[in-house]
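A short worksheet on the structure shown next.
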There are 2 protein chains.
Amino acid sequence: MVKHIMKGFEPLISYDEMINVFKSINFKKPGIESVTILSSISRISSETVLADNNIPLHDRSAMDGYALKSINTQGASVNNPLKLRIAGVQLPSDSVTKKAEIGECIEVYTGSKIPDGCDSVVKVEDTEREGNYVYIYVPCSLYENISRSGEDISKGSKIILKNQKITAAHISAMAALGINNINVYNKIRICIINTGEELLNKTINNSTGALLSAFYNNEYIKTDIAATCGDNIDSIRTSVKNIIKLYDIIIITGGSSLGRHDLTTEALESISELKFSGVAIRPGRTMALFLYSGKPVISVSGLPVAALLSSMILVNEYIKKLFNLEIYKKDYAILERNIHNKPGFSTFQIALTEARKDGLHAIPMNTRVSGNISSIIEGNSIIFINENLEGLEEGKLITVYLIGDVRWD
Amino acid sequence: MVKHIMKGFEPLISYDEMINVFKSINFKKPGIESVTILSSISRISSETVLADNNIPLHDRSAMDGYALKSINTQGASVNNPLKLRIAGVQLPSDSVTKKAEIGECIEVYTGSKIPDGCDSVVKVEDTEREGNYVYIYVPCSLYENISRSGEDISKGSKIILKNQKITAAHISAMAALGINNINVYNKIRICIINTGEELLNKTINNSTGALLSAFYNNEYIKTDIAATCGDNIDSIRTSVKNIIKLYDIIIITGGSSLGRHDLTTEALESISELKFSGVAIRPGRTMALFLYSGKPVISVSGLPVAALLSSMILVNEYIKKLFNLEIYKKDYAILERNIHNKPGFSTFQIALTEARKDGLHAIPMNTRVSGNISSIIEGNSIIFINENLEGLEEGKLITVYLIGDVRWD
């Protein structure tokens with residue numbers, strides 16, 4: 001009587017196959033813009049910045065005290081102090097270098113250039129001043145309390161590499177070198193197109209668009225939510241066509257449930273190349289990828305968590321491919337209970353990662369609610385189980401992908 | 001001959017005393033503003049948001065298929081299918097609820113309201129359609145493939161608590177509930193005043209201001225760098241007086257080296273209350289805290305890393321006190337080598353935390369360069385050793401305070 005029991009069934013590709021297909025696509029790197037170093041935090045550098053000078057530029061005092069010739073301080077002690085004439089003051093702001101002759105020292109402050117004739121600084125605490133003279137109570141070694149020129153950063157060394165995420169430390173180093181601007185990649189622009197009459201007529205509120213937009217929006221990714229499309233091929237196709245030039249990635253939600261699959265496919269097949277449709281992942285198996293104008297158009301479930309987890313795989317691969325970065329932070333945690341995997345599927349399991357005295361622990365959330373928004377309000381991390389694994393064992397050290405902050409008490 | 005060998009020496013308070021002094025000060029919470037949920041990511045909520053409805057609002061289908069009465073499907077199989085008349089379609093966008101009579105089912109899609117007379121959904125893959133009839137090949141249990149009303153979020157439950165940092169999941173839940181705006185605390189405003197003639201006349205570039213500004217600036221803190229002050233009491237005092245109303249925290253750099261200590265103190269003592277000056281921490285022992293108009297004015301070293309580490313203690317305590325949050329993420333790591341502590345001091349040691357197969361490992365950076373910018377370009381974390389410890393032992397599981405991303409290969 002029946003040939004195809006599984007109406008709506010299509011062969012699913014594996015997670016690994018999906019990744020391989022995605023990796024084989026060449027995406028254009030985003031353009032470049034110059035920004036001030038202070039506004040460059042967490043942007044991706046598009047240039048390798050080399051130090052064009054030593055930092056410190058000159059040998060400088062690391063203390064307040066007296067610059068002197070170290071060899072003359074040998075044997076100095078409280079009972080047998082060395083008495084030196086203070087020949088002047090070298091302030092940190094002085095660009096002209098003073099000079100100490102034999103029997104002399106120069107008063108210096110943290111940051112002062114080391115005067116000529118000096119190779120060491122004695123801390124003010126180890127001295128006592130008497131008018132224009134100072135008693136030195138300790139022996140000083142060569143370059144003691146001196147920040148040597150280039151000790152921090154030497155001329156020609158790498159401050160930041162191309163494709164690195166810019167940190168406050170990079171910015172500080174650039175500031176030290178007098179660099180005011182840096183070239184960074186334009187932000188990756190992601191547009192989310194939500195589809196569904198139920199969103200258009202507000203029978204259901206659009207929690208999926210809000211989740212994706214808020215999650216992906218960061219210092220180097222800018223997200224927008226396009227006008228919602230009804231269950232209508234023309235409106236989906238027109239929306240994608242209209243915005244493709246403005247974005248690097250388009251995520252279409254709701255077009256991938258089996259009943260609506262044809263809508264998105266029909267909307268896109270004439271204008272784009274279908275790379276795959278149906279992936280053996282849970283949740284999110286109805287996801288599909290189209291390539292349009294060389295850009296990924298990702299079709300995912302309309303359910304918020306499924307849409308997030310499945311789109312995240314490809315957005316992450318995209319960032320990895322372009323910049324060797326990942327959009328979530330990883331960590332290690334001890335798995336708190338066995339997780340069984342559904343044969344033939346790769347699984348994304350929401351978990352709560354929390355710190356205990358012996359390290360981080362990952363507590364898988366109740367499977368029943370793992371597709372719910374509440375699971376990612378409570379949970380802060382994702383555990384990935386590849387389809388070639390039957391599951392993960394309690395007590396094992398596993399990798400968790402953090403989508404929120406680890407809980408500390 | 002000598003009474004006070006240690007010129008410039010002042011009694012230092014301990015780290016713990018400093019924290020206690022700081023904790024005892026009452027700071028005013030920042031004001032409140034209403035923002036759209038999409039722009040609220042990582043802001044601090046100033047309200048507890050309760051769900052004013054169930055999510056899902058109604059029992060909804062979690063699959064594409066047919067809604068039916070589960071009891072009638074008992075014993076259904078491929079060889080003995082249940083045949084039902086398809087009485088209609090309930091679309092996810094339909095607000096009116098259809099009804100199935102005995103012997104009938106209703107075609108549904110993911111998100112569709114469950115029609116009256118139905119208590120279960122059979123997946124389309126487990127059926128076959130023939131005109132207006134469908135063969136059901138599997139038995140269905142009660143509420144199978146149904147998202148129950150309130151299953152995700154139940155009416156009255158807490159979406160986000162006052163003082164919590166808002167995540168994408170919170171935003172998604174608020175969107176699901178039709179909430180458009182949320183009250184958040186104004187951003188904490190930090191102003192950095194750098195002092196020193198050497199910065200004014202550009203003998204040295206201002207790497208410290210850049211570091212602090214870039215480091216503290218985040219989704220809930222806004223930083224500014226004020227005009228640099230020379231080594232001049234009036235200009236420091238005037239600067240603080242002029243900006244105190246606009247900021248929650250002021251950090252003055254360079255005014256705390258022993259030689260300049262008096263400048264900042266003199267500038268501030270007549271207009272503010274000195275809470276402490278000189279702390280037994282390394283680096284940063286010259287730091288001081290003033291309370292002016294009920295706001296913390298933190299005086300720190302002009303050296304970038306010392307300025308960052310010492311100011312960070314108090315900025316972190318401030319955030320902790322107001323919101324029970326910390327400005328860095330913590331993690332656990334295995335210490336890679338012994339760290340010895342200087343007696344009488346609490347030490348902040350820069351370390352590189354990296355992931356290996358057996359977990360995270362913290363490699364303390366060369367002490368010689370721990371005050372350098374390069375140490376925080378290379379290092380990504382801080383190890384804290386309280387003065388009551390002689391040191392930390394290699395192999396121990398320690399807490400690291402992350403100021404950058406953990407290195408993964």
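Labels used: A, B, ... for chains in the order of the structure tokens, numbers from 1 for residues in each chain, and numbers from 1 for ligands as shown.
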request  = Enumerate, as a list in words, the complete set of residues in range 283-392 of chain A that a backbone-based DSSP assignment places in helix (DSSP H, G or I).
outcome  = Pro304, Val305, Ala306, Ala307, Leu308, Leu309, Ser310, Ser311, Met312, Ile313, Leu314, Val315, Asn316, Glu317, Tyr318, Ile319, Lys320, Lys321, Leu322, Phe323, Thr367, Arg368, Val369, Ile373, Ser374, Ser375, Ile376, Ile377 and Glu378 of chain A
Show which residues sit within 9 Å of Gly209 in chain A, as a list of chain:residue names. Count only C-alpha atoms, and ignore same-chain residues fewer than 3 positions away.
->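 The residues that qualify are A:Ile192, A:Ile193, A:Asn194, A:Asn206, A:Leu212, A:Ser213, A:Ala214, A:Ile225, A:Thr253, A:Gly302, A:Pro304, B:Ser172, B:Ala175.
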So that I have them on file, write out the residues from the current selection with N, CA and C atoms, as a PDB file, in the first residue's frame.
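The resulting file, part.pdb, is shown below:
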ATOM      1  N   ILE A 192      18.920  39.208   9.573  1.00  0.00           N
ATOM      2  CA  ILE A 192      17.997  38.135   9.922  1.00  0.00           C
ATOM      3  C   ILE A 192      16.649  38.431   9.280  1.00  0.00           C
ATOM      4  N   ILE A 193      16.203  37.489   8.470  1.00  0.00           N
ATOM      5  CA  ILE A 193      14.868  37.619   7.869  1.00  0.00           C
ATOM      6  C   ILE A 193      13.976  36.568   8.521  1.00  0.00           C
ATOM      7  N   ASN A 194      12.977  37.020   9.252  1.00  0.00           N
ATOM      8  CA  ASN A 194      12.045  36.078   9.866  1.00  0.00           C
ATOM      9  C   ASN A 194      10.853  35.906   8.947  1.00  0.00           C
ATOM     10  N   ASN A 206       7.989  37.648  17.810  1.00  0.00           N
ATOM     11  CA  ASN A 206       9.234  37.239  17.173  1.00  0.00           C
ATOM     12  C   ASN A 206      10.387  37.134  18.165  1.00  0.00           C
ATOM     13  N   LEU A 212      18.666  35.948  17.821  1.00  0.00           N
ATOM     14  CA  LEU A 212      19.797  35.929  16.891  1.00  0.00           C
ATOM     15  C   LEU A 212      20.455  37.303  16.818  1.00  0.00           C
ATOM     16  N   SER A 213      19.635  38.329  16.739  1.00  0.00           N
ATOM     17  CA  SER A 213      20.189  39.675  16.624  1.00  0.00           C
ATOM     18  C   SER A 213      21.013  40.028  17.857  1.00  0.00           C
ATOM     19  N   ALA A 214      20.480  39.747  19.029  1.00  0.00           N
ATOM     20  CA  ALA A 214      21.193  40.099  20.267  1.00  0.00           C
ATOM     21  C   ALA A 214      22.426  39.216  20.449  1.00  0.00           C
ATOM     22  N   ILE A 225      17.623  43.199  11.801  1.00  0.00           N
ATOM     23  CA  ILE A 225      16.451  42.356  11.551  1.00  0.00           C
ATOM     24  C   ILE A 225      15.666  43.001  10.415  1.00  0.00           C
ATOM     25  N   THR A 253      14.799  32.644   9.054  1.00  0.00           N
ATOM     26  CA  THR A 253      14.224  31.744  10.054  1.00  0.00           C
ATOM     27  C   THR A 253      12.814  31.355   9.668  1.00  0.00           C
ATOM     28  N   GLY A 302      12.269  28.121  12.796  1.00  0.00           N
ATOM     29  CA  GLY A 302      11.705  29.320  13.396  1.00  0.00           C
ATOM     30  C   GLY A 302      11.763  29.305  14.913  1.00  0.00           C
ATOM     31  N   PRO A 304      13.441  29.480  18.468  1.00  0.00           N
ATOM     32  CA  PRO A 304      14.615  30.294  18.805  1.00  0.00           C
ATOM     33  C   PRO A 304      15.896  29.492  19.069  1.00  0.00           C
TER      34      PRO A 304
ATOM     35  N   SER B 172      15.368  37.425  24.173  1.00  0.00           N
ATOM     36  CA  SER B 172      14.469  36.571  23.415  1.00  0.00           C
ATOM     37  C   SER B 172      13.184  36.298  24.206  1.00  0.00           C
ATOM     38  N   ALA B 175      11.057  39.369  24.186  1.00  0.00           N
ATOM     39  CA  ALA B 175      10.422  39.494  22.867  1.00  0.00           C
ATOM     40  C   ALA B 175       9.236  38.544  22.772  1.00  0.00           C
TER      41      ALA B 175
END
*asked:* Could you check the closest approach to chain A for each of B:Thr238, B:Ser157, B:Ser272, B:Thr347 and tell me which residue wins, using only C-alpha atoms?
replied: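 Smallest separation from chain A among the options: B:Ser157.
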Between A:Ile252, A:Leu177, A:Val121, A:Leu12, smallest distance to Arg282 in chain A by only C-alpha atoms belongs to A:Leu12
Practice prompt. Rank A:Ala67, A:Leu335, A:Ile249, A:Ile398 by their smallest atom-to-atom distance to Ile319 in chain A, using only C-alpha atoms, and report the top residue only.
Written response: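 Residue with the minimum atom-to-atom distance to Ile319 in chain A: A:Ile249.
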Judged by only C-alpha atoms, the minimum distance to chain B among A:Asn180, A:Ser310, A:Asn341, A:Ser346 is found for A:Asn180
Selected residue, from A:Ile182, A:Val134, A:Leu291, A:Ile385, that lies nearest to Phe27 in chain A when counting only C-alpha atoms:
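So, comparing all the options, the nearest one is A:Leu291.
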- Task: Extract, using only C-alpha atoms, all DNA, RNA and protein residues at most 10 Å from range 96-111 of chain B, discarding same-chain residues fewer than 3 positions from it, and format them as a PyMOL selection string.
- Result: (chain A and resi 196+198+203-204+254+257-260+301-303) or (chain B and resi 56+58-69+72+82-93+114-118+121-124+133-134+145-147)
Check your understanding: What is the distance, in Å and to one decimal place, between CA of Gln74 in chain A and CA of Glu125 in chain A?
Key ->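 About the pair CA of Gln74 in chain A and CA of Glu125 in chain A: they are 17.8 Å apart.
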- prompt: Which distance in Å separates CA of Ser40 in chain B and CA of Ser40 in chain A, to one decimal?
  reply: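 Distance reported for this atom pair: 21.5 Å.
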Shortest contact to Asn372 in chain A, candidates B:Asp358, B:Asp152, B:Glu387, B:Asp248, atoms counted only C-alpha atoms, goes to B:Asp152
Can you pull out the residues contacting Leu314 in chain A? Cut-off 10 Å, using only C-alpha atoms, and skip same-chain residues under 2 positions away; I want them as an NGL selection string. :A and (18-19 or 22-23 or 249 or 289 or 296 or 298 or 309-312 or 316-320)
